[in-house]
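Asks: Have a peek at data_33.cif (mmCIF, C-alpha atoms).
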```cif
data_start
#
loop_
_atom_site.label_atom_id
_atom_site.label_comp_id
_atom_site.auth_asym_id
_atom_site.auth_seq_id
_atom_site.Cartn_x
_atom_site.Cartn_y
_atom_site.Cartn_z
CA MET A 1 -32.88 5.04 4.19
CA SER A 2 -29.94 6.04 6.35
CA THR A 3 -30.40 8.72 9.00
CA ASN A 4 -28.09 11.27 10.54
CA THR A 5 -27.62 9.08 13.61
CA ASP A 6 -26.20 6.16 11.64
CA ILE A 7 -22.46 5.56 12.03
CA VAL A 8 -20.64 3.74 9.25
CA THR A 9 -18.05 1.24 10.52
CA LEU A 10 -15.10 0.41 8.31
CA THR A 11 -12.21 -2.00 8.83
CA GLY A 12 -9.35 -1.79 6.36
CA GLY A 13 -5.76 -2.63 5.60
CA ILE A 14 -4.09 0.20 3.66
CA ASP A 15 -0.59 -0.36 2.30
CA VAL A 16 0.58 3.14 1.37
CA GLY A 17 3.57 2.36 -0.82
CA ASN A 18 5.92 4.88 -2.37
CA GLY A 19 4.49 3.95 -5.75
CA TYR A 20 0.93 2.73 -5.18
CA VAL A 21 -1.74 2.54 -2.50
CA LYS A 22 -3.01 -1.02 -2.14
CA GLY A 23 -5.90 -1.58 0.21
CA VAL A 24 -8.88 -3.67 1.18
CA ILE A 25 -11.72 -2.16 3.23
CA GLN A 26 -14.79 -3.87 4.66
CA ASN A 27 -18.00 -2.10 5.64
CA THR A 28 -18.73 -4.20 8.70
CA LYS A 29 -22.47 -3.45 8.71
CA GLN A 30 -23.10 -4.01 5.01
CA GLU A 31 -20.35 -6.67 4.82
CA THR A 32 -19.12 -5.22 1.51
CA PHE A 33 -15.45 -5.30 0.51
CA ASP A 34 -13.58 -2.90 -1.76
CA GLU A 35 -10.12 -3.58 -3.17
CA ILE A 36 -8.10 -0.43 -3.77
CA ASP A 37 -5.21 0.14 -6.15
CA LEU A 38 -4.18 3.65 -7.12
CA PRO A 39 -0.95 5.59 -7.68
CA SER A 40 0.44 7.19 -4.53
CA ALA A 41 0.03 10.69 -5.89
CA VAL A 42 -2.25 13.69 -5.58
CA VAL A 43 -2.60 17.00 -7.33
CA SER A 44 -3.15 19.93 -4.97
CA THR A 45 -4.65 23.26 -5.93
CA SER A 46 -6.11 26.27 -4.16
CA ARG A 47 -8.43 26.89 -7.11
CA THR A 48 -12.12 26.35 -6.40
CA SER A 49 -12.86 24.21 -9.46
CA PRO A 50 -9.87 22.49 -11.07
CA LYS A 51 -12.37 20.09 -12.65
CA VAL A 52 -15.99 20.57 -13.69
CA PRO A 53 -18.19 18.84 -11.06
CA LEU A 54 -20.32 15.95 -12.22
CA PRO A 55 -24.13 16.08 -11.91
CA ASP A 56 -25.46 14.57 -8.68
CA THR A 57 -27.55 12.19 -10.77
CA ASP A 58 -24.35 10.57 -12.08
CA ALA A 59 -23.25 9.51 -8.58
CA ALA A 60 -24.44 5.90 -8.76
CA THR A 61 -22.78 5.32 -12.14
CA VAL A 62 -19.50 6.97 -11.11
CA MET A 63 -19.35 5.12 -7.78
CA ALA A 64 -19.87 1.80 -9.54
CA GLY A 65 -16.58 2.37 -11.36
CA ASP A 66 -13.09 2.94 -9.98
CA PHE A 67 -13.97 5.94 -7.85
CA TYR A 68 -10.76 5.71 -5.81
CA ASN A 69 -8.78 6.86 -8.84
CA GLN A 70 -11.08 9.87 -9.26
CA ILE A 71 -11.39 11.23 -5.70
CA ASP A 72 -11.63 15.03 -5.62
CA CYS A 73 -11.71 16.35 -2.07
CA SER A 74 -10.50 18.77 0.56
CA LEU A 75 -9.46 17.81 4.10
CA THR A 76 -9.83 19.56 7.44
CA THR A 77 -7.73 17.60 9.92
CA PRO A 78 -4.81 18.05 12.33
CA LEU A 79 -2.79 15.81 10.00
CA VAL A 80 -2.89 18.14 6.97
CA ALA A 81 -1.60 21.71 6.97
CA ALA A 82 -3.71 23.16 4.14
CA SER A 83 -7.30 22.51 3.12
CA ASP A 84 -6.43 22.71 -0.57
CA ARG A 85 -8.44 20.71 -3.04
CA ARG A 86 -6.78 17.39 -3.86
CA ILE A 87 -7.33 15.02 -6.77
CA PHE A 88 -6.23 11.42 -6.30
CA GLY A 89 -4.83 8.52 -8.28
CA ARG A 90 -4.85 8.22 -12.03
CA ALA A 91 -7.00 11.33 -12.34
CA ALA A 92 -4.13 13.26 -10.76
CA LEU A 93 -1.78 12.19 -13.55
CA SER A 94 -3.79 14.14 -16.13
CA VAL A 95 -4.46 17.40 -14.25
CA ARG A 96 -2.23 20.24 -15.43
CA GLY A 97 -1.23 23.53 -13.88
CA SER A 98 -1.35 22.34 -10.27
CA LYS A 99 1.07 20.94 -7.72
CA PHE A 100 1.78 17.24 -8.29
CA THR A 101 2.90 15.39 -5.14
CA GLU A 102 4.37 11.91 -4.90
CA PHE A 103 6.58 10.32 -2.25
CA GLU A 104 10.25 11.19 -2.17
CA VAL A 105 12.37 8.16 -3.02
CA LEU A 106 15.70 9.97 -3.00
CA GLY A 107 16.90 11.12 0.40
CA LYS A 108 16.00 10.21 3.98
CA HIS A 109 12.63 11.93 4.40
CA SER A 110 10.49 9.66 6.59
CA LYS A 111 7.21 8.43 5.10
CA ALA A 112 5.64 8.96 8.53
CA ASP A 113 6.46 12.67 8.22
CA GLN A 114 5.28 13.08 4.65
CA GLU A 115 1.77 14.53 4.65
CA LEU A 116 0.86 12.55 1.55
CA SER A 117 0.58 9.29 3.54
CA LYS A 118 -2.16 10.74 5.75
CA VAL A 119 -3.99 12.37 2.83
CA LEU A 120 -4.18 9.06 0.98
CA VAL A 121 -5.40 7.06 4.00
CA LEU A 122 -8.12 9.57 4.90
CA GLY A 123 -9.24 9.95 1.28
CA VAL A 124 -9.77 6.25 0.57
CA PHE A 125 -11.71 5.62 3.80
CA ALA A 126 -13.98 8.60 3.07
CA ALA A 127 -14.50 7.41 -0.50
CA LYS A 128 -15.45 3.92 0.71
CA ALA A 129 -18.08 5.35 3.07
CA LEU A 130 -19.62 7.45 0.29
CA CYS A 131 -19.54 4.61 -2.25
CA ASP A 132 -21.40 2.33 0.15
CA TYR A 133 -24.02 4.96 0.93
CA VAL A 134 -24.72 5.61 -2.75
CA SER A 135 -24.79 1.88 -3.50
CA GLU A 136 -27.41 1.33 -0.78
CA ASN A 137 -29.51 4.46 -1.36
CA GLY A 138 -29.04 5.23 -5.06
CA ALA A 139 -28.21 8.91 -4.46
CA LEU A 140 -25.84 11.23 -2.60
CA PRO A 141 -26.58 11.82 1.10
CA ASP A 142 -28.21 15.05 2.24
CA HIS A 143 -26.28 14.97 5.51
CA GLU A 144 -22.76 14.47 6.82
CA LEU A 145 -21.60 10.86 6.97
CA ARG A 146 -20.11 9.77 10.28
CA VAL A 147 -17.55 6.97 10.09
CA HIS A 148 -15.68 4.92 12.68
CA VAL A 149 -12.53 3.33 11.31
CA ARG A 150 -10.30 0.43 12.31
CA ALA A 151 -7.14 0.46 10.22
CA GLY A 152 -4.03 -1.57 9.61
CA LEU A 153 -1.18 0.62 8.33
CA ALA A 154 2.49 0.01 7.66
CA LEU A 155 5.83 1.79 7.93
CA PRO A 156 9.26 0.78 6.62
CA ILE A 157 11.08 -1.39 9.16
CA SER A 158 13.59 1.36 9.93
CA GLU A 159 10.71 3.72 10.85
CA PHE A 160 8.41 1.11 12.41
CA VAL A 161 10.58 0.48 15.45
CA ALA A 162 10.74 4.12 16.54
CA ARG A 163 7.57 5.63 15.05
CA ARG A 164 4.74 3.07 15.16
CA HIS A 165 3.03 4.33 18.34
CA ALA A 166 3.26 8.01 17.42
CA TYR A 167 2.03 7.30 13.88
CA ALA A 168 -1.06 5.48 15.19
CA ALA A 169 -1.73 8.25 17.73
CA GLU A 170 -1.80 10.87 14.96
CA PHE A 171 -4.87 9.21 13.46
CA ILE A 172 -6.60 8.28 16.71
CA GLY A 173 -5.86 11.38 18.79
CA LEU A 174 -4.34 11.68 22.23
CA LEU A 175 -5.74 10.81 25.64
CA GLY A 176 -6.47 13.89 27.71
CA SER A 177 -6.73 14.15 31.50
CA SER A 178 -10.52 13.87 31.31
CA GLY A 179 -10.46 10.77 29.15
CA SER A 180 -10.53 10.08 25.44
CA ASP A 181 -10.10 13.03 23.10
CA PRO A 182 -10.34 11.47 19.61
CA ALA A 183 -9.08 13.28 16.56
CA VAL A 184 -11.71 14.21 13.99
CA HIS A 185 -10.84 14.21 10.30
CA LEU A 186 -13.31 15.90 7.95
CA VAL A 187 -13.08 14.97 4.27
CA THR A 188 -15.29 16.91 1.86
CA ILE A 189 -15.75 15.07 -1.44
CA LYS A 190 -16.28 17.47 -4.34
CA ASN A 191 -16.63 15.28 -7.41
CA PHE A 192 -20.30 16.20 -7.74
CA SER A 193 -22.31 19.41 -7.82
CA THR A 194 -23.25 18.88 -4.18
CA PRO A 195 -20.21 18.47 -1.89
CA VAL A 196 -20.46 15.63 0.64
CA SER A 197 -18.83 15.79 4.08
CA VAL A 198 -17.45 12.61 5.65
CA ARG A 199 -16.38 12.76 9.32
CA LEU A 200 -13.79 10.09 10.18
CA GLN A 201 -12.81 8.93 13.66
CA PHE A 202 -10.25 6.15 14.13
CA VAL A 203 -11.24 3.63 16.78
CA ASP A 204 -8.03 1.62 16.43
CA VAL A 205 -4.89 1.73 14.29
CA GLN A 206 -2.52 -1.23 14.06
CA VAL A 207 0.88 -0.26 12.61
CA MET A 208 3.03 -3.07 11.24
CA ALA A 209 6.42 -3.26 9.59
CA GLU A 210 6.34 -3.31 5.79
CA GLY A 211 7.08 -6.82 4.62
CA ALA A 212 6.17 -8.33 7.98
CA SER A 213 2.50 -7.83 7.16
CA ALA A 214 3.06 -9.70 3.88
CA GLN A 215 4.56 -12.63 5.79
CA PHE A 216 1.37 -12.84 7.87
CA ALA A 217 -0.68 -12.94 4.67
CA ILE A 218 1.51 -15.71 3.23
CA THR A 219 0.92 -17.78 6.36
CA ASP A 220 -2.81 -17.04 6.23
CA LYS A 221 -3.10 -18.24 2.61
CA GLY A 222 -1.68 -21.59 3.69
CA GLU A 223 -1.02 -24.61 1.50
CA PRO A 224 -2.52 -23.42 -1.85
CA LEU A 225 -0.01 -20.57 -2.09
CA ALA A 226 2.79 -22.75 -0.71
CA GLN A 227 2.13 -25.38 -3.38
CA ALA A 228 2.18 -22.78 -6.16
CA LEU A 229 5.52 -21.46 -4.91
CA LEU A 230 7.01 -24.94 -4.74
CA ASP A 231 5.82 -25.78 -8.25
CA ASP A 232 7.45 -22.59 -9.55
CA LEU A 233 10.74 -23.33 -7.82
CA ARG A 234 10.81 -26.97 -8.95
CA ALA A 235 10.48 -25.79 -12.54
CA ARG A 236 13.69 -23.80 -12.02
CA ASP A 237 15.77 -26.02 -9.75
CA ALA A 238 14.10 -29.07 -8.23
CA SER A 239 17.13 -29.85 -6.07
CA LEU A 240 16.44 -26.85 -3.82
CA VAL A 241 13.08 -28.20 -2.64
CA GLU A 242 13.54 -31.94 -3.01
CA GLY A 243 11.25 -33.72 -0.56
CA VAL A 244 9.60 -30.46 0.58
CA SER A 245 5.79 -30.43 0.75
CA ALA A 246 3.35 -27.53 0.93
CA SER A 247 2.60 -28.37 4.56
CA ASP A 248 6.34 -28.23 5.32
CA LEU A 249 6.48 -24.73 3.86
CA VAL A 250 3.45 -23.53 5.85
CA ALA A 251 5.06 -24.81 9.04
CA VAL A 252 8.35 -22.87 8.68
CA GLN A 253 9.23 -20.62 11.62
CA HIS A 254 12.47 -18.99 10.43
CA THR A 255 12.10 -16.82 7.33
CA ILE A 256 13.50 -13.76 5.60
CA GLY A 257 11.42 -11.57 3.30
CA VAL A 258 12.72 -9.34 0.52
CA ASP A 259 9.95 -6.79 0.01
CA VAL A 260 10.90 -4.68 -3.01
CA GLY A 261 9.00 -1.41 -3.08
CA GLU A 262 9.35 1.80 -5.03
CA GLY A 263 11.27 3.78 -2.41
CA THR A 264 12.56 1.09 -0.05
CA VAL A 265 13.44 -2.60 0.15
CA ASN A 266 12.44 -4.13 3.47
CA PHE A 267 13.92 -7.34 4.87
CA PRO A 268 11.53 -8.66 7.55
CA VAL A 269 12.95 -11.53 9.59
CA PHE A 270 10.85 -14.05 11.49
CA THR A 271 12.52 -16.13 14.20
CA ASP A 272 10.51 -18.86 15.90
CA GLY A 273 7.47 -17.51 14.07
CA ARG A 274 7.80 -13.98 15.52
CA PHE A 275 8.95 -10.78 13.88
CA ASN A 276 12.61 -10.15 14.75
CA ALA A 277 13.18 -6.40 14.65
CA GLU A 278 16.84 -6.78 15.62
CA ALA A 279 17.71 -8.80 12.53
CA ALA A 280 15.33 -7.04 10.11
CA ALA A 281 16.50 -4.09 8.01
CA THR A 282 15.48 -1.49 5.43
CA LEU A 283 17.39 -0.42 2.32
CA ASP A 284 16.51 3.19 1.52
CA GLU A 285 16.33 2.51 -2.21
CA GLY A 286 13.79 0.82 -4.43
CA TYR A 287 12.63 0.39 -8.00
CA GLY A 288 11.55 4.04 -8.01
CA THR A 289 15.14 5.01 -7.25
CA ALA A 290 16.25 3.24 -10.43
CA LEU A 291 13.51 5.03 -12.39
CA MET A 292 14.51 8.44 -11.02
CA ASN A 293 18.19 7.88 -11.73
CA ALA A 294 17.35 6.68 -15.25
CA MET A 295 15.23 9.80 -15.85
CA GLU A 296 18.14 11.99 -14.82
CA ARG A 297 20.47 10.24 -17.25
CA MET A 298 17.88 10.46 -20.04
CA SER A 299 17.45 14.20 -19.55
CA GLU A 300 21.20 14.64 -19.92
CA SER A 301 21.78 12.42 -22.93
CA ASP A 302 18.54 11.83 -24.91
CA SER A 303 16.16 14.73 -25.53
CA THR A 304 13.53 12.39 -27.01
CA LEU A 305 13.12 10.61 -23.67
CA GLN A 306 11.51 13.14 -21.36
CA PHE A 307 9.03 12.01 -18.69
CA SER A 308 7.13 14.19 -16.22
CA SER A 309 7.25 11.64 -13.37
CA ARG A 310 8.60 8.20 -12.57
CA LYS A 311 5.04 6.87 -12.78
CA GLN A 312 4.78 8.07 -16.36
CA LEU A 313 8.05 6.30 -17.16
CA ALA A 314 6.94 3.10 -15.40
CA ASP A 315 3.62 3.08 -17.30
CA PHE A 316 5.47 3.68 -20.57
CA LEU A 317 7.75 0.70 -19.97
CA HIS A 318 4.91 -1.53 -18.77
CA ALA A 319 2.77 -0.98 -21.89
CA GLU A 320 3.33 -2.93 -25.08
CA PRO A 321 4.96 -0.37 -27.43
CA SER A 322 3.52 0.41 -30.84
CA VAL A 323 5.78 0.23 -33.85
CA LEU A 324 6.04 4.04 -33.74
CA VAL A 325 7.63 4.15 -30.28
CA ARG A 326 9.40 0.79 -30.23
CA ASN A 327 12.90 2.24 -30.58
CA ARG A 328 12.19 4.87 -27.94
CA HIS A 329 10.83 2.17 -25.65
CA GLN A 330 13.98 0.08 -26.07
CA ARG A 331 16.25 3.04 -25.30
CA ALA A 332 14.28 3.94 -22.18
CA ALA A 333 14.33 0.31 -21.03
CA GLY A 334 18.09 0.26 -21.50
CA PHE A 335 18.58 3.25 -19.21
CA VAL A 336 16.38 1.68 -16.52
CA GLU A 337 18.09 -1.71 -16.90
CA ASP A 338 21.47 -0.14 -16.20
CA GLU A 339 20.19 1.55 -13.05
CA ALA A 340 18.31 -1.58 -11.96
CA SER A 341 21.56 -3.58 -12.05
CA TYR A 342 23.06 -1.16 -9.51
CA LEU A 343 19.93 -1.52 -7.35
CA VAL A 344 20.20 -5.31 -7.45
CA ASP A 345 23.80 -5.11 -6.25
CA GLU A 346 22.64 -3.01 -3.29
CA ILE A 347 19.76 -5.38 -2.51
CA VAL A 348 22.00 -8.46 -2.58
CA SER A 349 24.59 -6.76 -0.37
CA ALA A 350 21.95 -5.80 2.21
CA PHE A 351 20.40 -9.27 1.98
CA GLY A 352 23.77 -10.84 2.79
CA ASP A 353 24.01 -8.74 5.94
CA VAL A 354 20.48 -9.73 7.02
CA LEU A 355 21.13 -13.41 6.30
CA SER A 356 24.26 -13.31 8.46
CA GLN A 357 22.32 -11.64 11.27
CA ALA A 358 19.40 -14.08 11.03
CA GLY A 359 21.76 -17.02 11.25
CA ALA A 360 21.87 -20.53 9.85
CA THR A 361 18.37 -21.35 11.13
CA THR A 362 16.81 -19.56 8.12
CA GLU A 363 14.54 -22.03 6.33
CA VAL A 364 13.22 -20.04 3.38
CA VAL A 365 13.47 -16.63 1.70
CA TYR A 366 10.39 -14.98 0.16
CA VAL A 367 10.67 -12.25 -2.47
CA TYR A 368 7.65 -10.05 -3.16
CA GLY A 369 6.46 -6.45 -3.53
CA GLY A 370 5.42 -4.19 -6.38
CA GLY A 371 8.99 -3.45 -7.41
CA SER A 372 10.06 -7.10 -7.57
CA GLY A 373 8.42 -7.89 -10.91
CA PRO A 374 10.36 -5.56 -13.26
CA ILE A 375 13.76 -6.67 -11.86
CA LYS A 376 13.05 -10.39 -11.40
CA HIS A 377 15.37 -11.45 -14.22
CA LEU A 378 18.24 -9.69 -12.46
CA LEU A 379 17.38 -10.14 -8.79
CA HIS A 380 16.24 -13.77 -8.60
CA PRO A 381 19.47 -15.39 -9.83
CA ALA A 382 21.54 -13.01 -7.71
CA LEU A 383 19.58 -13.90 -4.56
CA LEU A 384 19.75 -17.64 -5.32
CA LYS A 385 23.52 -17.35 -5.49
CA ALA A 386 23.74 -15.31 -2.29
CA ALA A 387 21.38 -17.60 -0.37
CA GLY A 388 23.30 -20.80 -1.08
CA ASP A 389 21.15 -23.81 -0.19
CA VAL A 390 18.33 -21.73 1.35
CA PRO A 391 15.31 -21.83 -1.02
CA VAL A 392 14.43 -18.44 -2.52
CA LEU A 393 10.73 -18.31 -3.41
CA TYR A 394 10.01 -15.46 -5.80
CA LEU A 395 6.31 -14.62 -5.73
CA ASP A 396 4.60 -13.43 -8.89
CA SER A 397 4.10 -9.66 -8.64
CA SER A 398 0.52 -9.96 -9.96
CA TYR A 399 -0.48 -11.05 -6.45
CA SER A 400 2.59 -10.44 -4.29
CA ARG A 401 2.17 -6.65 -4.47
CA HIS A 402 -1.12 -7.08 -2.59
CA LEU A 403 0.21 -9.24 0.26
CA ASN A 404 1.02 -6.33 2.58
CA ARG A 405 -2.50 -4.93 2.34
CA GLU A 406 -3.99 -8.34 3.11
CA GLY A 407 -1.74 -8.80 6.13
CA LEU A 408 -2.67 -5.33 7.37
CA TYR A 409 -6.37 -6.14 7.02
CA ILE A 410 -5.85 -9.39 8.95
CA ALA A 411 -4.25 -7.39 11.79
CA ALA A 412 -7.06 -4.81 11.91
CA ARG A 413 -9.74 -7.50 11.70
CA HIS A 414 -8.09 -9.55 14.46
CA VAL A 415 -8.24 -6.62 16.90
CA GLU A 416 -11.84 -5.95 15.88
CA GLN A 417 -12.79 -9.56 16.60
CA GLN A 418 -11.04 -9.40 20.00
CA ALA A 419 -13.01 -6.24 20.88
CA LEU A 420 -16.26 -7.89 19.79
CA ALA A 421 -15.50 -10.99 21.86
CA ALA A 422 -14.75 -8.81 24.89
CA ARG A 423 -18.04 -6.91 24.50
CA THR A 424 -19.99 -10.12 24.02
CA GLY A 425 -18.32 -11.72 27.03
CA GLY A 426 -19.02 -8.67 29.20
CA LYS A 427 -22.68 -8.63 28.14
CA ARG A 428 -23.06 -12.32 28.94
CA ALA A 429 -21.45 -11.80 32.33
CA LYS A 430 -23.93 -9.01 33.18
CA GLU A 431 -26.85 -11.16 32.05
CA ALA A 432 -25.62 -14.01 34.24
CA VAL A 433 -25.61 -11.70 37.25
#
```
Write out the structure in this file as structure tokens.
Replies:
Amino acid sequence: MSTNTDIVTLTGGIDVGNGYVKGVIQNTKQETFDEIDLPSAVVSTSRTSPKVPLPDTDAATVMAGDFYNQIDCSLTTPLVAASDRRIFGRAALSVRGSKFTEFEVLGKHSKADQELSKVLVLGVFAAKALCDYVSENGALPDHELRVHVRAGLALPISEFVARRHAYAAEFIGLLGSSGSDPAVHLVTIKNFSTPVSVRLQFVDVQVMAEGASAQFAITDKGEPLAQALLDDLRARDASLVEGVSASDLVAVQHTIGVDVGEGTVNFPVFTDGRFNAEAAATLDEGYGTALMNAMERMSESDSTLQFSSRKQLADFLHAEPSVLVRNRHQRAAGFVEDEASYLVDEIVSAFGDVLSQAGATTEVVYVYGGGSGPIKHLLHPALLKAAGDVPVLYLDSSYSRHLNREGLYIAARHVEQQALAARTGGKRAKEAV
């Protein structure tokens, strides 16, 4: 059994996108991994019980499912203004009569300044700690869980350059004159009859540019992924990759990424194998922008097509329509298609600017991200035309939407391993003396 003196140690890469949170977290003591995928949305309420709490005896069963899409908690932290109760993920989409919050995709409001990004990061780490405790002990804890966190997080390229250090410091806390003064984030999980407190302290936060972290993951996956990409491109136009092997692709040093998200499109550039912030860029539009613009047009011209959020519209379009809604589905898809064509024009224009800045040394272009799948039929041919003889490798969105989270985990894990090596080396040096 765990005791009050035990400290849970978690290392995770959390890609907080405008549309979805994608993450992978490892409990470094138990060596358990959780993969996280939930809508980037919460419902906030000041009411004590927006949902009926579940019996404590149900904890093991509930935790064995997708608990991240059911988190019900309050937060006491310098990062969050109010300690309102918040319900996460897909559960938030069905709660009525409360404040629904998702990221703004219209306008210039920085993700680093939007409180939602911090709420989501803190909530998923707290949920991971509780899930692991219940999995190991079979019941809820009777004490506060203490957790030390190493995290890899991301910001859009346009925000990364100026905000990365300040963003990391918000989670970790500032250094005072007397030494370290870490920030403490208390998350109280209220899904069950007995609330559970989880105290989070961030040991290290690595902030990377969105898209750049995906490029690291592509490199890490090596030849198997490279071969799959080449096979896909050869099926379309073998002349673009004639004589190119998977090992050739892994060895490339000059690349451009087109990371299509819901609120932004990031263009990470790597020159000589290193991230080139001067050539990289962010387009402050994404697939969510097309959805929002389509919703506005629908509300003006078709009263049968009313959606409460862009996520509801996206889910409606993604699902196979029944015969009863087929016509409605086609009309909604038509509105989104029109707006997506404008988005593609913007993406291609921005890509042309980045390609000019990166120069003729560019060896390959990768296209990925959660928003790339729905517009592939429009975007891929347009990028192929704009890129000329530079191969454009369009990754399947079933796995490409997870590349950023994997790259972020790699970054957090790398720093953890360096710290471990330093401690081990110092211990050996003392023993030698």
Asks: Decode the PyMOL selection byres ((chain A and resi 275) around 10) for the given file into explicit residues and return them as a count of residues only.
Replies: 20
Asks: Just checking: using all atoms listed in the file, which residue out of A:Arg331, A:Lys190, A:His377, A:His143 ends up closest to Val344 in chain A?
Replies: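 Looking only at the distances to Val344 in chain A, the closest residue turns out to be A:His377.
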Asks: Figure out the distance between CA of Ala183 in chain A and CA of Leu200 in chain A, please, to one decimal in Å.
Replies: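 Straight-line distance from CA of Leu200 in chain A to CA of Ala183 in chain A works out to 8.5 Å.
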Asks: How many Å lie between CA of Val364 in chain A and CA of Gly261 in chain A, rounded to one decimal?
Replies: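 Going from CA of Val364 in chain A over to CA of Gly261 in chain A covers 20.2 Å.
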Asks: What's the separation between CA of Ser110 in chain A and CA of Ser309 in chain A, in Å to one decimal place?
Replies: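 CA of Ser309 in chain A lies 20.3 Å from CA of Ser110 in chain A.
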